[in-house]
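Asker: Below is target.cif; it holds mmCIF, C-alpha atoms.
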data_upload
#
loop_
_atom_site.group_PDB
_atom_site.id
_atom_site.type_symbol
_atom_site.label_atom_id
_atom_site.label_comp_id
_atom_site.auth_asym_id
_atom_site.auth_seq_id
_atom_site.Cartn_x
_atom_site.Cartn_y
_atom_site.Cartn_z
ATOM 1 C CA MET A 1 6.580 22.362 26.935
ATOM 2 C CA ILE A 2 6.566 21.892 23.167
ATOM 3 C CA ARG A 3 9.671 19.748 23.398
ATOM 4 C CA ARG A 4 8.000 17.413 25.922
ATOM 5 C CA PHE A 5 4.906 17.199 23.748
ATOM 6 C CA GLY A 6 7.055 16.343 20.721
ATOM 7 C CA LEU A 7 8.915 13.704 22.699
ATOM 8 C CA ALA A 8 5.674 12.150 23.956
ATOM 9 C CA LEU A 9 4.171 12.233 20.479
ATOM 10 C CA SER A 10 7.212 10.599 18.918
ATOM 11 C CA ALA A 11 7.308 7.915 21.612
ATOM 12 C CA ALA A 12 3.616 7.161 21.094
ATOM 13 C CA SER A 13 4.041 6.986 17.319
ATOM 14 C CA LEU A 14 7.032 4.662 17.665
ATOM 15 C CA MET A 15 5.026 2.369 19.928
ATOM 16 C CA LEU A 16 2.147 2.395 17.436
ATOM 17 C CA LEU A 17 4.446 1.607 14.519
ATOM 18 C CA ALA A 18 6.309 -1.100 16.448
ATOM 19 C CA SER A 19 3.178 -2.899 17.621
ATOM 20 C CA PRO A 20 2.431 -4.520 14.214
ATOM 21 C CA LEU A 21 5.845 -6.154 14.418
ATOM 22 C CA MET A 22 4.440 -8.459 17.075
ATOM 23 C CA ALA A 23 2.104 -9.852 14.418
ATOM 24 C CA MET A 24 5.092 -11.370 12.658
ATOM 25 C CA ALA A 25 6.286 -13.202 15.768
ATOM 26 C CA GLN A 26 5.895 -16.957 15.623
ATOM 27 C CA GLU A 27 2.903 -18.177 17.550
ATOM 28 C CA ALA A 28 3.313 -20.911 20.148
ATOM 29 C CA ALA A 29 1.806 -24.338 19.389
ATOM 30 C CA GLY A 30 -1.104 -24.145 21.831
ATOM 31 C CA ALA A 31 -1.714 -20.406 21.979
ATOM 32 C CA ALA A 32 -5.164 -20.186 20.388
ATOM 33 C CA SER A 33 -6.233 -17.332 22.691
ATOM 34 C CA ALA A 34 -3.802 -14.889 21.042
ATOM 35 C CA SER A 35 -5.324 -15.426 17.597
ATOM 36 C CA PRO A 36 -7.705 -12.414 17.632
ATOM 37 C CA LEU A 37 -4.879 -10.148 18.766
ATOM 38 C CA ARG A 38 -2.603 -11.525 16.066
ATOM 39 C CA ALA A 39 -5.277 -11.049 13.401
ATOM 40 C CA GLY A 40 -5.887 -7.494 14.542
ATOM 41 C CA LEU A 41 -2.196 -6.651 14.513
ATOM 42 C CA ILE A 42 -1.791 -8.121 11.026
ATOM 43 C CA ALA A 43 -4.709 -6.036 9.778
ATOM 44 C CA LEU A 44 -3.237 -2.955 11.458
ATOM 45 C CA ALA A 45 0.174 -3.605 9.902
ATOM 46 C CA ALA A 46 -1.341 -4.003 6.432
ATOM 47 C CA ASN A 47 -3.345 -0.796 6.726
ATOM 48 C CA ILE A 48 -0.468 1.248 8.123
ATOM 49 C CA GLY A 49 1.834 -0.113 5.408
ATOM 50 C CA ILE A 50 -0.550 0.877 2.641
ATOM 51 C CA GLY A 51 -1.053 4.312 4.196
ATOM 52 C CA ILE A 52 2.661 4.994 4.455
ATOM 53 C CA ALA A 53 3.285 3.714 0.916
ATOM 54 C CA ALA A 54 0.480 5.817 -0.557
ATOM 55 C CA PHE A 55 1.580 8.919 1.340
ATOM 56 C CA GLY A 56 5.236 8.479 0.392
ATOM 57 C CA SER A 57 4.535 7.841 -3.257
ATOM 58 C CA ALA A 58 2.162 10.801 -3.474
ATOM 59 C CA ILE A 59 4.809 13.089 -1.989
ATOM 60 C CA GLY A 60 7.474 11.682 -4.320
ATOM 61 C CA GLN A 61 5.337 11.970 -7.409
ATOM 62 C CA GLY A 62 4.274 15.486 -6.541
ATOM 63 C CA ARG A 63 7.829 16.657 -6.015
ATOM 64 C CA MET A 64 9.026 14.946 -9.190
ATOM 65 C CA VAL A 65 6.337 16.471 -11.384
ATOM 66 C CA ALA A 66 6.761 19.897 -9.780
ATOM 67 C CA SER A 67 10.499 19.819 -10.443
ATOM 68 C CA ALA A 68 9.983 18.653 -14.015
ATOM 69 C CA MET A 69 7.412 21.350 -14.725
ATOM 70 C CA GLU A 70 9.663 23.991 -13.196
ATOM 71 C CA SER A 71 12.605 22.893 -15.309
ATOM 72 C CA ILE A 72 10.451 22.782 -18.462
ATOM 73 C CA GLY A 73 9.213 26.267 -17.593
ATOM 74 C CA ARG A 74 12.778 27.516 -17.340
ATOM 75 C CA ASN A 75 13.908 25.803 -20.541
ATOM 76 C CA PRO A 76 10.999 24.822 -22.828
ATOM 77 C CA ASN A 77 13.337 23.329 -25.435
ATOM 78 C CA SER A 78 14.324 20.530 -23.057
ATOM 79 C CA ALA A 79 10.750 19.257 -22.558
ATOM 80 C CA GLY A 80 11.374 16.101 -24.611
ATOM 81 C CA GLN A 81 14.525 15.273 -22.666
ATOM 82 C CA ILE A 82 12.802 15.758 -19.294
ATOM 83 C CA PHE A 83 9.437 14.146 -20.027
ATOM 84 C CA THR A 84 10.625 10.575 -20.724
ATOM 85 C CA PRO A 85 12.786 10.148 -17.573
ATOM 86 C CA MET A 86 9.979 11.706 -15.537
ATOM 87 C CA ILE A 87 7.475 9.136 -16.812
ATOM 88 C CA ILE A 88 9.927 6.294 -16.101
ATOM 89 C CA GLY A 89 10.521 7.636 -12.584
ATOM 90 C CA LEU A 90 6.776 7.887 -11.977
ATOM 91 C CA ALA A 91 6.396 4.275 -13.090
ATOM 92 C CA PHE A 92 9.085 3.189 -10.612
ATOM 93 C CA ILE A 93 7.380 5.072 -7.781
ATOM 94 C CA GLU A 94 4.047 3.501 -8.711
ATOM 95 C CA ALA A 95 5.689 0.054 -8.766
ATOM 96 C CA LEU A 96 6.904 0.526 -5.192
ATOM 97 C CA THR A 97 3.371 1.413 -4.131
ATOM 98 C CA LEU A 98 2.023 -1.688 -5.849
ATOM 99 C CA TYR A 99 4.627 -3.821 -4.040
ATOM 100 C CA ALA A 100 3.298 -2.463 -0.742
ATOM 101 C CA LEU A 101 -0.233 -3.326 -1.880
ATOM 102 C CA VAL A 102 0.818 -6.899 -2.683
ATOM 103 C CA ILE A 103 2.489 -7.245 0.719
ATOM 104 C CA ALA A 104 -0.690 -5.963 2.363
ATOM 105 C CA PHE A 105 -2.707 -8.580 0.474
ATOM 106 C CA PHE A 106 -0.302 -11.275 1.688
ATOM 107 C CA LEU A 107 -0.715 -10.018 5.256
ATOM 108 C CA GLN A 108 -4.503 -10.015 4.916
ATOM 109 C CA ALA A 109 -4.336 -13.638 3.731
ATOM 110 C CA LYS A 110 -2.711 -14.576 7.063
ATOM 111 C CA ILE A 111 -5.777 -13.481 9.035
#
So that I can check it, write out the structure of this file as structure tokens.

Answerer:
Amino acid sequence: MIRRFGLALSAASLMLLASPLMAMAQEAAGAASASPLRAGLIALAANIGIGIAAFGSAIGQGRMVASAMESIGRNPNSAGQIFTPMIIGLAFIEALTLYALVIAFFLQAKI
């Protein structure tokens, strides 16, 4: 029973995640009736993209800081050697999130 529910849930989530891909399909020359659907799918894709990027970066940053604090707790003398790479890694994670935000802005401009 749980396996069927998991399979149905994963199939539904795959369909939901694949539906914004239709927004990137090239529109036919005279298909003006599909414009509201296209605009809605673009907005959905932008919002899902930002949500996934924010969730992923929050998880990554949390794990990175937790690991750094644990290692500093085990060896306090190495705090200076751990702190700088941690800050650089956090900046890289934040940059990836900002790239997703820029892509979402580009998608919103297509509406």

Asker: By how many Å are CA of Ile93 in chain A and CA of Ser57 in chain A apart?

Answerer: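 Here the two named atoms are 6.0 Å from each other.
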
Asker: Write out as a VMD selection string which residues come within 9 Å of Leu96 in chain A when counting all atoms listed in the file, dropping same-chain ones fewer than 5 positions away.

Answerer: chain A and resid 53 57 91 101

Asker: Name the residues within 10 Å of (1.4, -0.5, 1.5), counting all atoms listed in the file in the file's coordinates, and put them as a PDB file with C-alpha atoms, in the frame of the given file.

Answerer:
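Wrote it out as selection08.pdb, contents follow:
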ATOM      1  CA  ALA A  45       0.174  -3.605   9.902  1.00  0.00           C
ATOM      2  CA  ALA A  46      -1.341  -4.003   6.432  1.00  0.00           C
ATOM      3  CA  ASN A  47      -3.345  -0.796   6.726  1.00  0.00           C
ATOM      4  CA  ILE A  48      -0.468   1.248   8.123  1.00  0.00           C
ATOM      5  CA  GLY A  49       1.834  -0.113   5.408  1.00  0.00           C
ATOM      6  CA  ILE A  50      -0.550   0.877   2.641  1.00  0.00           C
ATOM      7  CA  GLY A  51      -1.053   4.312   4.196  1.00  0.00           C
ATOM      8  CA  ILE A  52       2.661   4.994   4.455  1.00  0.00           C
ATOM      9  CA  ALA A  53       3.285   3.714   0.916  1.00  0.00           C
ATOM     10  CA  ALA A  54       0.480   5.817  -0.557  1.00  0.00           C
ATOM     11  CA  PHE A  55       1.580   8.919   1.340  1.00  0.00           C
ATOM     12  CA  GLY A  56       5.236   8.479   0.392  1.00  0.00           C
ATOM     13  CA  LEU A  96       6.904   0.526  -5.192  1.00  0.00           C
ATOM     14  CA  THR A  97       3.371   1.413  -4.131  1.00  0.00           C
ATOM     15  CA  LEU A  98       2.023  -1.688  -5.849  1.00  0.00           C
ATOM     16  CA  TYR A  99       4.627  -3.821  -4.040  1.00  0.00           C
ATOM     17  CA  ALA A 100       3.298  -2.463  -0.742  1.00  0.00           C
ATOM     18  CA  LEU A 101      -0.233  -3.326  -1.880  1.00  0.00           C
ATOM     19  CA  VAL A 102       0.818  -6.899  -2.683  1.00  0.00           C
ATOM     20  CA  ILE A 103       2.489  -7.245   0.719  1.00  0.00           C
ATOM     21  CA  ALA A 104      -0.690  -5.963   2.363  1.00  0.00           C
ATOM     22  CA  PHE A 105      -2.707  -8.580   0.474  1.00  0.00           C
TER      23      PHE A 105
END

Asker: Compare A:Leu7, A:Ile42, A:Ala12, A:Pro36 by their minimum atom-to-atom distance to Lys110 in chain A, counting all atoms listed in the file, and give me the closest one.

Answerer: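 Looking only at the distances to Lys110 in chain A, the closest residue turns out to be A:Ile42.
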
Asker: List as JSON, numbers by chain the protein and nucleic acid residues near Gly89 in chain A, meaning an atom at most 10 Å away when only C-alpha atoms are counted, but skip any in the same chain fewer than 3 places from it.

Answerer: {"A": [60, 61, 64, 65, 83, 84, 85, 86, 92, 93, 94, 95]}

Asker: Emit as AutoDock Vina command-line options the padded axis-aligned box for all listed atoms of range 38-43 of chain A, 3 Å per side, with centre and edge lengths in Å to one decimal.

Answerer:
--center_x -3.8 --center_y -8.8 --center_z 12.9 --size_x 10.1 --size_y 11.5 --size_z 12.3

Asker: At what distance in Å, to one decimal, does CA of Ala58 in chain A lie from CA of Ile72 in chain A?

Answerer: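 CA of Ala58 in chain A lies 20.9 Å from CA of Ile72 in chain A.
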
Asker: Please compute the CA of Ile59 in chain A-CA of Asn75 in chain A distance, one decimal, in Å.

Answerer: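 Separation of CA of Ile59 in chain A and CA of Asn75 in chain A: 24.3 Å.
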
Asker: Which of these, A:Phe5, A:Leu44, A:Ser35, A:Ala68, has the shortest distance to Leu90 in chain A once you count only C-alpha atoms?

Answerer: A:Ala68

Asker: Which of these residues is nearest to Leu107 in chain A, using all atoms listed in the file: A:Ile82, A:Met69, A:Ala43, A:Ile88?

Answerer: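 Between A:Ile82, A:Met69, A:Ala43, A:Ile88, the residue approaching Leu107 in chain A most closely is A:Ala43.
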
Asker: Taking the structure I provided as the source, export range 40-58 of chain A with N, CA and C atoms, as a PDB file, in the first residue's frame.

Answerer:
ATOM      1  N   GLY A  40       1.131  31.077 -17.862  1.00  0.00           N
ATOM      2  CA  GLY A  40       0.983  30.410 -16.574  1.00  0.00           C
ATOM      3  C   GLY A  40       2.069  29.384 -16.325  1.00  0.00           C
ATOM      4  N   LEU A  41       2.450  28.653 -17.366  1.00  0.00           N
ATOM      5  CA  LEU A  41       3.505  27.656 -17.203  1.00  0.00           C
ATOM      6  C   LEU A  41       4.857  28.311 -16.958  1.00  0.00           C
ATOM      7  N   ILE A  42       5.098  29.454 -17.605  1.00  0.00           N
ATOM      8  CA  ILE A  42       6.354  30.173 -17.366  1.00  0.00           C
ATOM      9  C   ILE A  42       6.404  30.659 -15.924  1.00  0.00           C
ATOM     10  N   ALA A  43       5.294  31.210 -15.438  1.00  0.00           N
ATOM     11  CA  ALA A  43       5.257  31.673 -14.054  1.00  0.00           C
ATOM     12  C   ALA A  43       5.442  30.507 -13.094  1.00  0.00           C
ATOM     13  N   LEU A  44       4.837  29.375 -13.395  1.00  0.00           N
ATOM     14  CA  LEU A  44       4.988  28.185 -12.555  1.00  0.00           C
ATOM     15  C   LEU A  44       6.435  27.698 -12.548  1.00  0.00           C
ATOM     16  N   ALA A  45       7.063  27.700 -13.720  1.00  0.00           N
ATOM     17  CA  ALA A  45       8.457  27.259 -13.815  1.00  0.00           C
ATOM     18  C   ALA A  45       9.374  28.181 -13.020  1.00  0.00           C
ATOM     19  N   ALA A  46       9.134  29.490 -13.099  1.00  0.00           N
ATOM     20  CA  ALA A  46       9.975  30.431 -12.357  1.00  0.00           C
ATOM     21  C   ALA A  46       9.813  30.229 -10.858  1.00  0.00           C
ATOM     22  N   ASN A  47       8.592  30.047 -10.408  1.00  0.00           N
ATOM     23  CA  ASN A  47       8.355  29.883  -8.971  1.00  0.00           C
ATOM     24  C   ASN A  47       8.894  28.553  -8.454  1.00  0.00           C
ATOM     25  N   ILE A  48       8.724  27.496  -9.205  1.00  0.00           N
ATOM     26  CA  ILE A  48       9.262  26.202  -8.780  1.00  0.00           C
ATOM     27  C   ILE A  48      10.788  26.242  -8.775  1.00  0.00           C
ATOM     28  N   GLY A  49      11.374  26.899  -9.776  1.00  0.00           N
ATOM     29  CA  GLY A  49      12.835  27.015  -9.826  1.00  0.00           C
ATOM     30  C   GLY A  49      13.398  27.758  -8.634  1.00  0.00           C
ATOM     31  N   ILE A  50      12.765  28.861  -8.267  1.00  0.00           N
ATOM     32  CA  ILE A  50      13.228  29.617  -7.107  1.00  0.00           C
ATOM     33  C   ILE A  50      13.046  28.799  -5.826  1.00  0.00           C
ATOM     34  N   GLY A  51      11.929  28.090  -5.725  1.00  0.00           N
ATOM     35  CA  GLY A  51      11.703  27.271  -4.531  1.00  0.00           C
ATOM     36  C   GLY A  51      12.734  26.176  -4.381  1.00  0.00           C
ATOM     37  N   ILE A  52      13.037  25.497  -5.464  1.00  0.00           N
ATOM     38  CA  ILE A  52      14.030  24.418  -5.409  1.00  0.00           C
ATOM     39  C   ILE A  52      15.409  24.989  -5.104  1.00  0.00           C
ATOM     40  N   ALA A  53      15.752  26.124  -5.720  1.00  0.00           N
ATOM     41  CA  ALA A  53      17.064  26.730  -5.472  1.00  0.00           C
ATOM     42  C   ALA A  53      17.194  27.190  -4.027  1.00  0.00           C
ATOM     43  N   ALA A  54      16.152  27.813  -3.493  1.00  0.00           N
ATOM     44  CA  ALA A  54      16.209  28.278  -2.106  1.00  0.00           C
ATOM     45  C   ALA A  54      16.288  27.104  -1.137  1.00  0.00           C
ATOM     46  N   PHE A  55      15.505  26.058  -1.393  1.00  0.00           N
ATOM     47  CA  PHE A  55      15.527  24.889  -0.530  1.00  0.00           C
ATOM     48  C   PHE A  55      16.889  24.205  -0.572  1.00  0.00           C
ATOM     49  N   GLY A  56      17.419  24.017  -1.774  1.00  0.00           N
ATOM     50  CA  GLY A  56      18.715  23.350  -1.918  1.00  0.00           C
ATOM     51  C   GLY A  56      19.850  24.132  -1.292  1.00  0.00           C
ATOM     52  N   SER A  57      19.838  25.447  -1.485  1.00  0.00           N
ATOM     53  CA  SER A  57      20.920  26.233  -0.901  1.00  0.00           C
ATOM     54  C   SER A  57      20.802  26.294   0.614  1.00  0.00           C
ATOM     55  N   ALA A  58      19.590  26.330   1.134  1.00  0.00           N
ATOM     56  CA  ALA A  58      19.427  26.340   2.592  1.00  0.00           C
ATOM     57  C   ALA A  58      19.929  25.035   3.201  1.00  0.00           C
TER      58      ALA A  58
END
